[in-house]
There are 2 protein chains.
Amino acid sequence: MAHNKNNKPPGRVTLRHVAKESGVSVATVSYVLNDTGSVGDKVKEQVRSAINRLGYTPNLSAQAIRTGRTKTIGIIIPDLKNPFFPELAQSVESAARDSGFAVFLIDTQESAEAEAEGVYTFIKHGVEGIVWCPSSEKDCFKKYAGTIPVVVIDRPLPNYDTVYSDYNKGGKLLAEYLLSEGHRKIGLISGPQTIESAAQRRKGFLEEIGTQAEIIWEVENPFSIKLCPEAVSELKKQDVSVIVAGNDMIAIGAIKILNQLKINVPDSVSVVGFDDVPWSDIVHPPLTTIRQPLSELGKEAVNLLLRRIDNLNASKKTVILDVQLVVRDSVFSLK
Amino acid sequence: MAHNKNNKPPGRVTLRHVAKESGVSVATVSYVLNDTGSVGDKVKEQVRSAINRLGYTPNLSAQAIRTGRTKTIGIIIPDLKNPFFPELAQSVESAARDSGFAVFLIDTQESAEAEAEGVYTFIKHGVEGIVWCPSSEKDCFKKYAGTIPVVVIDRPLPNYDTVYSDYNKGGKLLAEYLLSEGHRKIGLISGPQTIESAAQRRKGFLEEIGTQAEIIWEVENPFSIKLCPEAVSELKKQDVSVIVAGNDMIAIGAIKILNQLKINVPDSVSVVGFDDVPWSDIVHPPLTTIRQPLSELGKEAVNLLLRRIDNLNASKKTVILDVQLVVRDSVFSLK
DNA sequence: TATAATATTTGAAACAATTTAACAGTGTTA
DNA sequence: TAACACTGTTAAATTGTTTCAAATATTATA
């Protein structure tokens, strides 16, 4: 009974256990694991078999202390319920995993305090870098400026690597398309103009429209499916041939209201969105919109982050990804 | 020049730096941080000020080695693009955060290998427990059975704590409602019957229907918006007054097909779903369905997990959460 | 066969934190 | 004044891993 080789040692199996089991030193086991140093073939085999037998798993916390690297990154998401973010999170996680990094996730639910707290948590856990989708205007990294690699998604910020979509071009593509379909009277429900991405798509759109069509009315609305009363009352006027929404959420909100008002989309009025969220081809009518390359965005963010992890003093880099027009059934052709 | 007190030490600030800066020993600093031991008030103040001055952040990796606790858990999600999961992930993360745990996320994209790999990654990082939304039939924890706390969401499994919704009752609620609205000829597009949650909702539904209505046809379909050809051909027959879908995705897929066939929903045929995904009140017509308490599910999962982290040998526990009928506009009343 | 050159293997020192036992001071009490 | 209980502090041990330098074993060369 005293002789129980097969019993797993209590607690976690460590290098030391493996060393004892295979009759070599701890250092040798480490060399085998990392394929460093020079270890004889038979010893290698012994060690490997002991590892399997005992079910040894490296302790990354200990590694982290020794090497200074945790092989983890963090991602800060404003709200997973917003259909814009799941795909982003997915692609960040997947790209990080491909590079051997595990991902901490924090969903701030749009709270600036949660953002700041989250950053602190990440740093305590020693993340090597952070992908940040900002929700508030606050820069929650001020305290750590230049200390930890950060990549911002969706917003150009002076002190950070950034990746976002070519919103300006997206606006232009929409304008071009609507003009080509004969639309000349336009209603605008823009997103909040304090948000850079909303401002850029509006700017691009207006530039391309120029004097070729008329903006009959314009209201600002949060990036939400709920429309403000002003927007609703503009919709009632029926004095435009197309409604250009700041994003798909707003567009879907507008369609819902129009349905309630028994105004047919797109026969009586057309609607376009922006983002191509997964819902946009499920709603009725399927939405004509601008596709952002969400998963590219995530991948690219991880690229930038790895680059900066590699060299904290690398020059600042901004990546702008191409967008494309997705034509579905929410625009009526007036030609 | 040699005297540069204000220079941040290179690399990360450690307890040792703080100790030197405030002129006490490392242990004293630790006592101040953890509020253990007995430390004089003035010393406490000195130490606190040094901490702020240097911007010290505890190193959780080091803590983990010493204490054996990482204060992290992992969550395994099959696919964030599936609208069922983001809210779940959100609530798990939020509940975990409330209990002082950080959350590692892995999105397996429905791959069994990714699942197994993910578990290994989690264990390497020393997570104290794992919330598992299984995608495959495989039990990726076999190797670690009884070693690490695991809570399964959405599927009763013999060896794990589990939390899921009362699918059986959901099925009954739907049946009851449809009967009360006068429906007597039913088409069923069930989810995969190998999946427990799909089987249970079907069972509950059929039990409640009993002999009060007739199941004209039934096909099995993956939990996806894409319908199999058999399902499509059944839809064409127009021999039922309501289509009962295995979940909202299937229901939305059916609505799309019916739209294409110019069959009006709900005037010509009614449709009901299951899950109440965020899309379900955006599609046209808004879907009558069964609401699962997604965020409760997440919270409860974390509860179970913490319980088991506290005591690995606790008795197995299953939590079944209540569901409720959400009546919208996709069912026509035949009374 | 002895020696040099190379190939393996090992012990011990880090790494950043927590914990323990021990120690020097003070103050109280017999 | 010795004995005792406190308080505040410290040095040393511990955790799992990597890595350096030293020690040992093996092979090749003279």
# chains A, B, ... in the order shown; residues from 1 in each chain; ligands from 1
>>> residues_around(residues="range 236-241 of chain A", least_positions_apart="5", cutoff="6 Å", atoms="only C-alpha atoms (C1' of nucleotides)", output="PDB file with all heavy atoms, in the first residue's frame")
ATOM      1  N   LYS A 185     -34.048  63.516 -53.653  1.00  0.00           N
ATOM      2  CA  LYS A 185     -34.532  64.121 -52.408  1.00  0.00           C
ATOM      3  C   LYS A 185     -34.214  63.180 -51.247  1.00  0.00           C
ATOM      4  O   LYS A 185     -34.749  62.083 -51.172  1.00  0.00           O
ATOM      5  CB  LYS A 185     -36.035  64.386 -52.482  1.00  0.00           C
ATOM      6  CG  LYS A 185     -36.403  65.511 -53.438  1.00  0.00           C
ATOM      7  CD  LYS A 185     -37.887  65.552 -53.678  1.00  0.00           C
ATOM      8  CE  LYS A 185     -38.273  66.671 -54.610  1.00  0.00           C
ATOM      9  NZ  LYS A 185     -37.969  68.020 -54.091  1.00  0.00           N
ATOM     10  N   ILE A 186     -33.361  63.693 -50.375  1.00  0.00           N
ATOM     11  CA  ILE A 186     -32.759  62.807 -49.378  1.00  0.00           C
ATOM     12  C   ILE A 186     -33.069  63.254 -47.963  1.00  0.00           C
ATOM     13  O   ILE A 186     -33.016  64.451 -47.651  1.00  0.00           O
ATOM     14  CB  ILE A 186     -31.228  62.773 -49.579  1.00  0.00           C
ATOM     15  CG1 ILE A 186     -30.916  62.194 -50.969  1.00  0.00           C
ATOM     16  CG2 ILE A 186     -30.541  61.984 -48.476  1.00  0.00           C
ATOM     17  CD1 ILE A 186     -29.481  62.305 -51.370  1.00  0.00           C
ATOM     18  N   GLY A 187     -33.419  62.279 -47.101  1.00  0.00           N
ATOM     19  CA  GLY A 187     -33.520  62.535 -45.664  1.00  0.00           C
ATOM     20  C   GLY A 187     -32.384  61.834 -44.949  1.00  0.00           C
ATOM     21  O   GLY A 187     -32.036  60.707 -45.271  1.00  0.00           O
ATOM     22  N   VAL A 269     -40.711  54.677 -50.095  1.00  0.00           N
ATOM     23  CA  VAL A 269     -39.464  55.347 -49.707  1.00  0.00           C
ATOM     24  C   VAL A 269     -38.371  54.296 -49.531  1.00  0.00           C
ATOM     25  O   VAL A 269     -38.634  53.205 -49.024  1.00  0.00           O
ATOM     26  CB  VAL A 269     -39.655  56.182 -48.416  1.00  0.00           C
ATOM     27  CG1 VAL A 269     -40.089  55.301 -47.254  1.00  0.00           C
ATOM     28  CG2 VAL A 269     -38.381  56.930 -48.059  1.00  0.00           C
TER      29      VAL A 269
END
>>> residues_around(residues="Pro134 in chain B", least_positions_apart="2", cutoff="12 Å", atoms="only C-alpha atoms (C1' of nucleotides)", output="NGL selection string")
:B and (75-79 or 85 or 106-112 or 114-116 or 119 or 130-132 or 136-141 or 150-157 or 162 or 195-197)
>>> interface_residues(of="chain B", to="chain D", cutoff="12 Å", atoms="only C-alpha atoms (C1' of nucleotides)", output="MDAnalysis selection string")
chainID B and resid 23:29 31 37:44 61:69
>>> interface_residues(of="chain C", to="chain A", cutoff="8 Å", atoms="only C-alpha atoms (C1' of nucleotides)", output="PyMOL selection string")
chain C and resi 7-10+15-16
>>> write_last_selection(atoms="all heavy atoms", output="tab-separated table (two decimals), in the first residue's frame")
chain	number	residue	atom	x	y	z
C	7	DA	P	29.01	18.39	-30.31
C	7	DA	OP1	28.56	18.07	-31.68
C	7	DA	OP2	28.93	19.78	-29.79
C	7	DA	O5'	28.23	17.43	-29.31
C	7	DA	C5'	28.60	16.05	-29.25
C	7	DA	C4'	28.00	15.46	-27.99
C	7	DA	O4'	28.77	15.86	-26.84
C	7	DA	C3'	26.55	15.90	-27.73
C	7	DA	O3'	25.80	14.72	-27.53
C	7	DA	C2'	26.63	16.76	-26.47
C	7	DA	C1'	27.89	16.23	-25.79
C	7	DA	N9	28.63	17.19	-24.97
C	7	DA	C8	29.18	18.38	-25.37
C	7	DA	N7	29.82	19.02	-24.42
C	7	DA	C5	29.68	18.20	-23.31
C	7	DA	C6	30.12	18.31	-21.98
C	7	DA	N6	30.83	19.35	-21.53
C	7	DA	N1	29.81	17.31	-21.13
C	7	DA	C2	29.10	16.27	-21.59
C	7	DA	N3	28.62	16.05	-22.82
C	7	DA	C4	28.96	17.06	-23.63
C	8	DT	P	24.23	14.71	-27.45
C	8	DT	OP1	23.70	13.70	-28.34
C	8	DT	OP2	23.80	16.12	-27.55
C	8	DT	O5'	24.03	14.17	-25.98
C	8	DT	C5'	23.92	15.12	-24.96
C	8	DT	C4'	24.12	14.40	-23.66
C	8	DT	O4'	25.23	15.06	-23.02
C	8	DT	C3'	22.91	14.60	-22.78
C	8	DT	O3'	22.70	13.43	-22.00
C	8	DT	C2'	23.29	15.81	-21.93
C	8	DT	C1'	24.81	15.69	-21.84
C	8	DT	N1	25.53	16.99	-21.75
C	8	DT	C2	26.15	17.32	-20.56
C	8	DT	O2	26.14	16.58	-19.59
C	8	DT	N3	26.79	18.53	-20.56
C	8	DT	C4	26.87	19.45	-21.60
C	8	DT	O4	27.46	20.51	-21.47
C	8	DT	C5	26.18	19.05	-22.81
C	8	DT	C7	26.21	19.96	-24.00
C	8	DT	C6	25.55	17.86	-22.83
C	9	DT	P	21.28	13.28	-21.25
C	9	DT	OP1	21.12	11.84	-20.92
C	9	DT	OP2	20.23	14.01	-21.97
C	9	DT	O5'	21.59	14.05	-19.90
C	9	DT	C5'	22.50	13.48	-18.96
C	9	DT	C4'	22.78	14.46	-17.85
C	9	DT	O4'	23.44	15.62	-18.36
C	9	DT	C3'	21.54	14.97	-17.12
C	9	DT	O3'	21.47	14.32	-15.87
C	9	DT	C2'	21.77	16.48	-16.99
C	9	DT	C1'	23.22	16.65	-17.42
C	9	DT	N1	23.56	17.95	-18.08
C	9	DT	C2	24.43	18.82	-17.44
C	9	DT	O2	24.92	18.60	-16.36
C	9	DT	N3	24.68	19.98	-18.14
C	9	DT	C4	24.17	20.35	-19.38
C	9	DT	O4	24.48	21.40	-19.90
C	9	DT	C5	23.28	19.39	-19.98
C	9	DT	C7	22.66	19.67	-21.32
C	9	DT	C6	23.01	18.23	-19.31
C	10	DT	P	20.32	14.72	-14.84
C	10	DT	OP1	20.12	13.58	-13.95
C	10	DT	OP2	19.20	15.34	-15.55
C	10	DT	O5'	21.08	15.85	-14.02
C	10	DT	C5'	22.28	15.53	-13.34
C	10	DT	C4'	22.82	16.77	-12.66
C	10	DT	O4'	23.16	17.76	-13.65
C	10	DT	C3'	21.82	17.43	-11.72
C	10	DT	O3'	22.41	17.53	-10.44
C	10	DT	C2'	21.58	18.82	-12.31
C	10	DT	C1'	22.82	19.04	-13.15
C	10	DT	N1	22.61	19.93	-14.32
C	10	DT	C2	23.31	21.10	-14.41
C	10	DT	O2	24.10	21.47	-13.57
C	10	DT	N3	23.03	21.85	-15.53
C	10	DT	C4	22.14	21.53	-16.55
C	10	DT	O4	21.99	22.27	-17.50
C	10	DT	C5	21.45	20.29	-16.39
C	10	DT	C7	20.47	19.84	-17.43
C	10	DT	C6	21.70	19.54	-15.29
C	15	DC	P	16.16	38.91	-10.40
C	15	DC	OP1	16.73	39.88	-11.33
C	15	DC	OP2	16.21	39.11	-8.94
C	15	DC	O5'	14.63	38.64	-10.79
C	15	DC	C5'	14.27	38.20	-12.09
C	15	DC	C4'	12.89	37.61	-12.04
C	15	DC	O4'	12.98	36.25	-11.58
C	15	DC	C3'	11.98	38.29	-11.02
C	15	DC	O3'	11.19	39.27	-11.70
C	15	DC	C2'	11.11	37.16	-10.47
C	15	DC	C1'	11.73	35.90	-11.04
C	15	DC	N1	11.96	34.82	-10.04
C	15	DC	C2	11.54	33.53	-10.33
C	15	DC	O2	11.01	33.33	-11.43
C	15	DC	N3	11.71	32.56	-9.43
C	15	DC	C4	12.30	32.84	-8.26
C	15	DC	N4	12.45	31.83	-7.40
C	15	DC	C5	12.75	34.14	-7.95
C	15	DC	C6	12.56	35.10	-8.86
C	16	DA	P	10.92	40.66	-10.94
C	16	DA	OP1	10.62	41.65	-11.98
C	16	DA	OP2	12.00	40.90	-9.96
C	16	DA	O5'	9.59	40.36	-10.11
C	16	DA	C5'	8.39	40.13	-10.79
C	16	DA	C4'	7.33	39.73	-9.82
C	16	DA	O4'	7.70	38.46	-9.23
C	16	DA	C3'	7.15	40.70	-8.65
C	16	DA	O3'	5.77	40.95	-8.49
C	16	DA	C2'	7.74	39.98	-7.46
C	16	DA	C1'	7.53	38.52	-7.83
C	16	DA	N9	8.52	37.62	-7.25
C	16	DA	C8	9.84	37.86	-7.05
C	16	DA	N7	10.49	36.86	-6.51
C	16	DA	C5	9.51	35.89	-6.34
C	16	DA	C6	9.54	34.59	-5.81
C	16	DA	N6	10.64	34.02	-5.35
C	16	DA	N1	8.38	33.90	-5.80
C	16	DA	C2	7.27	34.47	-6.28
C	16	DA	N3	7.12	35.69	-6.79
C	16	DA	C4	8.29	36.35	-6.79
>>> select_by_dssp(residues="range 203-275 of chain B", states="helix (DSSP H, G or I)", output="ChimeraX atom specification")
/B:203-209,229-237,248-260
>>> closest_atom_pairs(of="chain A", to="chain B", cutoff="8 Å", atoms="only C-alpha atoms", output="CSV")
residue,atom,partner,partner_atom,distance
A:Thr57,CA,B:Lys124,CA,6.0
A:Pro58,CA,B:Lys124,CA,5.7
A:Asn59,CA,B:Lys124,CA,5.5
A:Leu60,CA,B:His125,CA,5.2
A:Ser61,CA,B:Ser61,CA,4.7
A:Ala62,CA,B:Ile65,CA,6.2
A:Ala64,CA,B:Ser61,CA,6.6
A:Ile65,CA,B:Ala62,CA,6.3
A:Asp79,CA,B:Gln90,CA,7.9
A:Leu80,CA,B:Pro86,CA,5.5
A:Lys81,CA,B:Glu87,CA,5.9
A:Pro86,CA,B:Leu80,CA,5.5
A:Glu87,CA,B:Lys81,CA,5.9
A:Gln90,CA,B:Asp107,CA,6.4
A:Glu93,CA,B:Ile106,CA,6.8
A:Ser94,CA,B:Asp107,CA,7.4
A:Ala102,CA,B:Phe104,CA,7.0
A:Val103,CA,B:Phe104,CA,5.5
A:Phe104,CA,B:Phe104,CA,4.4
A:Leu105,CA,B:Val103,CA,5.9
A:Ile106,CA,B:Glu93,CA,6.8
A:Asp107,CA,B:Gln90,CA,6.4
A:Thr121,CA,B:Ala102,CA,7.4
A:Ile123,CA,B:Thr57,CA,7.4
A:Lys124,CA,B:Asn59,CA,5.5
A:His125,CA,B:Leu60,CA,5.2
A:Gly126,CA,B:Asn59,CA,7.0
A:Ile252,CA,B:Ile282,CA,7.6
A:Lys256,CA,B:Ile282,CA,7.7
A:Trp279,CA,B:Trp279,CA,7.0
A:Ile282,CA,B:Val283,CA,6.7
A:Val283,CA,B:Val283,CA,4.9
A:His284,CA,B:His284,CA,5.9
>>> write_last_selection(atoms="N, CA and C atoms", output="short mmCIF file (atom, residue, chain, number, x, y, z; two decimals), in the first residue's frame")
data_model
loop_
_atom_site.label_atom_id
_atom_site.label_comp_id
_atom_site.auth_asym_id
_atom_site.auth_seq_id
_atom_site.Cartn_x
_atom_site.Cartn_y
_atom_site.Cartn_z
N THR A 57 0.93 19.55 -17.00
CA THR A 57 0.58 20.74 -17.79
C THR A 57 1.43 21.89 -17.30
N PRO A 58 2.10 22.58 -18.21
CA PRO A 58 2.95 23.70 -17.79
C PRO A 58 2.15 24.73 -17.02
N ASN A 59 2.77 25.36 -16.09
CA ASN A 59 2.13 26.43 -15.32
C ASN A 59 2.55 27.77 -15.88
N LEU A 60 1.61 28.39 -16.62
CA LEU A 60 1.95 29.62 -17.30
C LEU A 60 2.19 30.79 -16.36
N SER A 61 1.61 30.72 -15.17
CA SER A 61 1.88 31.78 -14.20
C SER A 61 3.35 31.78 -13.84
N ALA A 62 3.86 30.59 -13.60
CA ALA A 62 5.27 30.48 -13.25
C ALA A 62 6.15 30.90 -14.42
N ALA A 64 5.36 32.94 -16.64
CA ALA A 64 5.24 34.39 -16.79
C ALA A 64 6.22 35.11 -15.86
N ILE A 65 6.30 34.65 -14.63
CA ILE A 65 7.22 35.29 -13.69
C ILE A 65 8.64 35.21 -14.19
N ASP A 79 -20.20 46.44 -25.80
CA ASP A 79 -21.48 45.77 -25.57
C ASP A 79 -21.66 44.64 -26.57
N LEU A 80 -21.56 43.43 -26.07
CA LEU A 80 -21.67 42.28 -26.98
C LEU A 80 -23.06 42.15 -27.58
N LYS A 81 -24.03 42.78 -26.94
CA LYS A 81 -25.38 42.67 -27.51
C LYS A 81 -25.52 43.51 -28.76
N PRO A 86 -19.77 41.09 -31.74
CA PRO A 86 -19.43 39.67 -31.61
C PRO A 86 -18.45 39.19 -32.67
N GLU A 87 -18.69 39.58 -33.92
CA GLU A 87 -17.80 39.09 -34.97
C GLU A 87 -16.39 39.64 -34.78
N GLN A 90 -14.81 37.73 -32.05
CA GLN A 90 -14.47 36.41 -32.56
C GLN A 90 -13.17 36.44 -33.36
N GLU A 93 -10.13 37.06 -31.16
CA GLU A 93 -9.79 35.87 -30.38
C GLU A 93 -9.11 34.84 -31.27
N SER A 94 -9.68 34.65 -32.44
CA SER A 94 -9.14 33.63 -33.31
C SER A 94 -7.73 33.98 -33.79
N ALA A 102 -3.75 33.79 -25.42
CA ALA A 102 -5.10 33.61 -24.89
C ALA A 102 -5.71 35.00 -24.68
N VAL A 103 -7.02 35.07 -24.68
CA VAL A 103 -7.69 36.36 -24.68
C VAL A 103 -8.59 36.55 -23.47
N PHE A 104 -8.31 37.61 -22.72
CA PHE A 104 -9.24 38.05 -21.69
C PHE A 104 -10.29 38.96 -22.33
N LEU A 105 -11.54 38.73 -21.98
CA LEU A 105 -12.60 39.58 -22.51
C LEU A 105 -13.23 40.41 -21.41
N ILE A 106 -13.44 41.68 -21.71
CA ILE A 106 -14.25 42.49 -20.80
C ILE A 106 -15.30 43.21 -21.61
N ASP A 107 -16.54 43.08 -21.20
CA ASP A 107 -17.66 43.79 -21.82
C ASP A 107 -18.03 44.91 -20.85
N THR A 121 -7.57 45.59 -14.28
CA THR A 121 -7.60 44.13 -14.17
C THR A 121 -6.64 43.50 -15.18
N ILE A 123 -4.05 44.71 -16.56
CA ILE A 123 -2.65 44.96 -16.23
C ILE A 123 -2.21 44.11 -15.05
N LYS A 124 -3.09 43.96 -14.07
CA LYS A 124 -2.76 43.07 -12.96
C LYS A 124 -2.47 41.66 -13.46
N HIS A 125 -3.27 41.24 -14.43
CA HIS A 125 -3.07 39.89 -14.95
C HIS A 125 -1.91 39.84 -15.95
N GLY A 126 -1.33 40.98 -16.19
CA GLY A 126 -0.12 41.00 -17.01
C GLY A 126 -0.33 40.81 -18.50
N ILE A 252 -32.84 50.00 -39.50
CA ILE A 252 -33.86 49.03 -39.13
C ILE A 252 -34.95 49.70 -38.29
N LYS A 256 -38.94 49.90 -39.19
CA LYS A 256 -40.01 49.52 -38.27
C LYS A 256 -41.07 50.62 -38.17
N TRP A 279 -27.93 41.08 -39.11
CA TRP A 279 -29.37 41.17 -39.27
C TRP A 279 -29.80 41.75 -40.60
N ILE A 282 -31.71 39.87 -43.02
CA ILE A 282 -32.82 39.10 -42.47
C ILE A 282 -34.06 39.96 -42.37
N VAL A 283 -33.86 41.24 -42.13
CA VAL A 283 -35.01 42.14 -42.03
C VAL A 283 -35.72 42.22 -43.36
N HIS A 284 -36.90 42.76 -43.32
CA HIS A 284 -37.69 42.86 -44.53
C HIS A 284 -37.97 44.33 -44.83
#
>>> residues_around(residues="range 317-323 of chain B", least_positions_apart="3", cutoff="8 Å", atoms="only C-alpha atoms (C1' of nucleotides)", output="list in words")
Pro156, Tyr160, Asp161, Thr162, Val163, Tyr164, Ser165, Asp166, Tyr167, Lys169, Gly170, Ile290, Arg291, Gln292, Pro293, Glu296, Leu297, Glu300 and Leu304 of chain B
>>> atom_distance(atom1="CA of Glu181 in chain B", atom2="CA of Ser333 in chain B")
5.0 Å
>>> residues_around(residues="Ile51 in chain A", least_positions_apart="6", cutoff="9 Å", atoms="only C-alpha atoms (C1' of nucleotides)", output="JSON, numbers by chain")
{"A": [15, 18, 21, 22, 57]}
>>> select_by_dssp(residues="range 31-276 of chain B", states="strand (DSSP E)", output="VMD selection string")
chain B and resid 72 to 77 102 to 107 130 to 132 150 to 153 161 to 165 185 to 190 214 to 220 242 to 245 270 to 272
